[in-house]
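Report on one structure; see the data block that follows.
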Amino acid sequence: MEKKWWHGKTAYQIYPKSFYDSNGDGIGDLPGIIEKLDYLQELGIEILWISPVYVSPCADQGYDIADYYGIDPKFGTMEDMDRLLEETKKRGIAVLMDLVVNHCSDEHEWFRKALEDPDGEYGKYFYIEDMKDGALPTNWSGYFGGDVWEPIPGTDKCYLHVFHKKQPDLNWENPKVREEIYNMVNWWLDKGLAGFRVDAIVNIKKPLPFTSYPADRDDGRSSMDQVLKHASGIGEFLGELRDRTFASHDAFTIGEVFNVSDDEMADYIGENGYFSSMFDFRQTLEGKSILGWLDSRIPSPDDYKRCCFESQAQGEACGYLANIIENHDEPRGVSHYLPKHAQHETGKKLLATMYFMQKGLPFIYQGQELGMENKGDWTIEEIDDCSTHGEYQRCLEAGCSEERALEIVSHYSRDNARTPFQWDDSAQAGFTNGTPWLVVNETYKKINAAEQVTRADSVLSYYKKMIALRKNPQYAETIVYGKTEPIMTEEHDIMAYFRRGEGRDLFVIGNFDCISRTVEVSEMTAKAKVLLNNCEDFELSEGMLTLKPHQALVVAL
Ligand code: TEU
Ligand code: CA
């Protein structure tokens with residue numbers, strides 16, 4: 001595999017609105033990120049993905065962009081952005097912005113012009129269709145619930161939005177739209193960005209002409225996941241995007257790509273793929289249902305292990321995947337993948353070890369390095385996220401009581417990941433001097449950065465050790481490029497794998513069980529060197545290794 005500058009790094013995702021508020025308006029901002037760059041540098045971060053800070057009415061928290069060339073005043077100014085690029089450069093941190101081009105905001109100039117004249121030039125920037133006798137063009141079900149079509153007042157027309165109705169889909173079939181997008185991407189890359197995380201990109205190719213598909217739910221609608229299976233030819237758009245923008249800038253790009261088959265993987269992230277890398281969402285999707293959170297199931301450690309190993313094999317075949325346990329759309333990883341009995345610092349380090357030591361580019365989502373948890377005990381009034389409100393509605397329509405509906409959405413709500421970063425144990429977790437836009441998680445009194453920075457056995461200190469190990473010249477080749485070889489795959493609640501490198505092998509093992517477990521590891525001899533251990537010691541005798549409950553080890557063989 002051809003080596004790239006980014007392979008050996010550790011990446012970090014910032015959700016700006018919730019990271020650090022520098023001016024007391026309750027909203028995290030760019031100057032706030034700049035203030036905290038030393039924290040990120042000390043952690044060992046070398047790639048930063050910043051979720052959208054463009055001009056946005058924030059119907060979907062910045063993923064609804066009204067001006068791609070401007071910074072929203074609530075997040076700061078373009079000067080702040082330039083300063084951020086300078087300050088990150090000084091610290092050897094590459095910056096990725098979010099590229100959100102499946103849709104824009106209904107407040108974008110293009111859409112306003114489209115509404116003024118749906119049959120005119122800008123009408124063709126979107127998908128605007130006639131409603132026949134009041135009927136919508138298709139039965140597609142939007143990601144956030146309800147229809148994907150919104151009537152245009154005063155006309156017999158409607159426009160397509162697969163996400164929020166304030167996020168009209170851009171018409172990629174129109175060469176002018178693509179041209180506008182490429183110009184904008186190049187403008188940002190010329191400014192000094194290292195690249196982009198590419199949002200919801202699998203949605204840009206619609207199956208045309210518009211038609212309904214068999215219903216997969218009681219309301220007669222067909223979910224977008226099903227709909228997209230009928231679309232073909234997305235590669236022409238993605239190849240053109242790459243050739244016209246990323247390629248000439250040698251940009252690093254990471255796709256938010258769902259449901260790619262083994263055969264398509266190479267097109268996406270193989271040699272000259274559309275993107276440099278893509279997120280491995282196999283475990284993110286495990287247990288999720290196209291019918292929504294109501295029908296979803298929380299994965300067990302054995303499910304988690306199986307998903308990881310399947311993806312490791314897929315990635316080995318043709319590219320370099322990015323590994324995550326959470327992001328701004330998902331429950332906190334420690335609240336989702338760990339059994340209740342493991343939801344403590346030792347267990348959090350166990351999960352961290354299992355994901356971080358796999359082959360691929362590790363992304364840490366803000367607060368993950370502290371072991372931040374789901375808030376869990378939400379009231380529906382406290383929840384801001386549009387997708388959670390859609391899912392709540394779905395639960396009620398399916399006959400759930402309000403109490404049951406709240407219980408379901410409380411686990412999956414995207415707001416679990418969006419509560420303010422827990423900097424210290426002062427009011428509002430040290431995130432703001434004002435009133436935060438979203439409630440803080442009460443756990444901040446115990447789980448916060450200030451406390452963990454000073455403590456050698458904190459989750460944060462453990463993440464620092466893992467990141468440092470990834471850069472340690474003695475082991476980096478194996479950690480970054482070594483092949484993942486699963487073992488003990490049938491061993492319930494044990495996850496174990498070798499990383500086979502050139503001349504040096506590592507062994508990674510974790511016990512998700514609440515009792516001690518003894519397993520046979522003939523390759524682990526007395527001369528094996530323990531590089532990471534989330535417990536004080538371990539027991540090895542004549543090839544038999546005994547792990548304490550929730551113990552994880554990384555061993556150089
Ligand atoms: O997410 C795309 C996506 O598929 C998710 O919306 C997912 O289906 C949903 O979060 C499940 O609750 C991206 C962004 O990451 C997300 O924050 C945006 O809302 C979305 O695109 C629209 O831009
Ligand atoms: Ca602010």
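Following the order of the structure tokens, chains are lettered A, B, ..., residues in each are numbered from 1, and ligands are numbered from 1.
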
With a distance cut-off of 8 Å and only C-alpha atoms, select the neighbouring residues of His108 (chain A), excluding the residue or stretch itself and same-chain residues fewer than 3 positions from it, and output the selection as a JSON list (two decimals) with C-alpha atoms, in the first residue's frame.
[["chain", "number", "residue", "atom", "x", "y", "z"],
["A", 65, "ILE", "CA", -25.74, 26.23, 4.67],
["A", 66, "ALA", "CA", -26.95, 29.64, 3.50],
["A", 67, "ASP", "CA", -23.54, 30.89, 2.32],
["A", 104, "CYS", "CA", -28.02, 23.76, 1.10],
["A", 105, "SER", "CA", -30.30, 25.91, 3.26],
["A", 111, "PHE", "CA", -33.08, 28.68, -3.24],
["A", 112, "ARG", "CA", -34.63, 32.09, -2.67]]

* Can you tell me, as a VMD selection string, what residues are no more than 10 Å from region 538-553 of chain A when counting only C-alpha atoms, ignoring any on the same chain fewer than 5 positions away? -> chain A and resid 338 341 to 354 493 to 496 507 to 526 530 to 533

Closest atom pairs, residues of chain A within 7 Å of ligand 2, only C-alpha atoms and all ligand atoms, as JSON lines:
{"residue": "A:Asp21", "atom": "CA", "partner": "ligand 2", "partner_atom_place_in_ligand_line": "1 (Ca)", "distance": 4.3}
{"residue": "A:Ser22", "atom": "CA", "partner": "ligand 2", "partner_atom_place_in_ligand_line": "1 (Ca)", "distance": 5.3}
{"residue": "A:Asn23", "atom": "CA", "partner": "ligand 2", "partner_atom_place_in_ligand_line": "1 (Ca)", "distance": 4.8}
{"residue": "A:Gly24", "atom": "CA", "partner": "ligand 2", "partner_atom_place_in_ligand_line": "1 (Ca)", "distance": 5.7}
{"residue": "A:Asp25", "atom": "CA", "partner": "ligand 2", "partner_atom_place_in_ligand_line": "1 (Ca)", "distance": 4.8}
{"residue": "A:Gly26", "atom": "CA", "partner": "ligand 2", "partner_atom_place_in_ligand_line": "1 (Ca)", "distance": 5.7}
{"residue": "A:Ile27", "atom": "CA", "partner": "ligand 2", "partner_atom_place_in_ligand_line": "1 (Ca)", "distance": 4.2}
{"residue": "A:Gly28", "atom": "CA", "partner": "ligand 2", "partner_atom_place_in_ligand_line": "1 (Ca)", "distance": 4.7}
{"residue": "A:Asp29", "atom": "CA", "partner": "ligand 2", "partner_atom_place_in_ligand_line": "1 (Ca)", "distance": 4.9}
{"residue": "A:Lys74", "atom": "CA", "partner": "ligand 2", "partner_atom_place_in_ligand_line": "1 (Ca)", "distance": 6.2}
{"residue": "A:Phe75", "atom": "CA", "partner": "ligand 2", "partner_atom_place_in_ligand_line": "1 (Ca)", "distance": 6.4}

* To do: Report as a ChimeraX atom specification which protein, DNA and RNA residues come within 9 Å of ligand 1, using only C-alpha atoms and all ligand atoms.
  => /A:51,60-64,100-104,143-144,162-164,167,198-203,256-258,292-293,327-330,385-388,391,412-414

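The shortest atom-to-atom distance to Asp80 (chain A), with only C-alpha atoms taken into account, belongs to A:Glu35 out of A:Arg221, A:Tyr15, A:Phe498, A:Glu35.
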
* **Polymer residues at most 10 Å from Arg242 (chain A), only C-alpha atoms, same-chain spacing of 3 or more positions, as a PyMOL selection string** => chain A and resi 182+237-239+245-251+253+272-275

* **One-decimal distance in Å that lies between CA of Pro209 (chain A) and CA of Gly146 (chain A)** => 21.1 Å

* Near Ala231 (chain A), counting only C-alpha atoms, which residues have an atom at most 9 Å away, once you skip same-chain residues fewer than 5 positions from it, shown as a ChimeraX atom specification? -> /A:205-208

* Asked: Hey, what does DSSP flag as helix (DSSP H, G or I) within region 199-340 of chain A? Can you give it to me as a PyMOL selection string?
  -> chain A and resi 201-203+224-228+234-249+262-269+282-285+293-295+301-318+333-336+340

* Atom pair CA of Gly192 (chain A) / CA of Lys89 (chain A): separation (Å) -> 9.4 Å

* Which residues, written as a ChimeraX atom specification, have at least one atom at most 9 Å from Gly123 (chain A), with only C-alpha atoms counted and residues fewer than 5 positions away on the same chain left out? -> /A:110-111,113-118,128
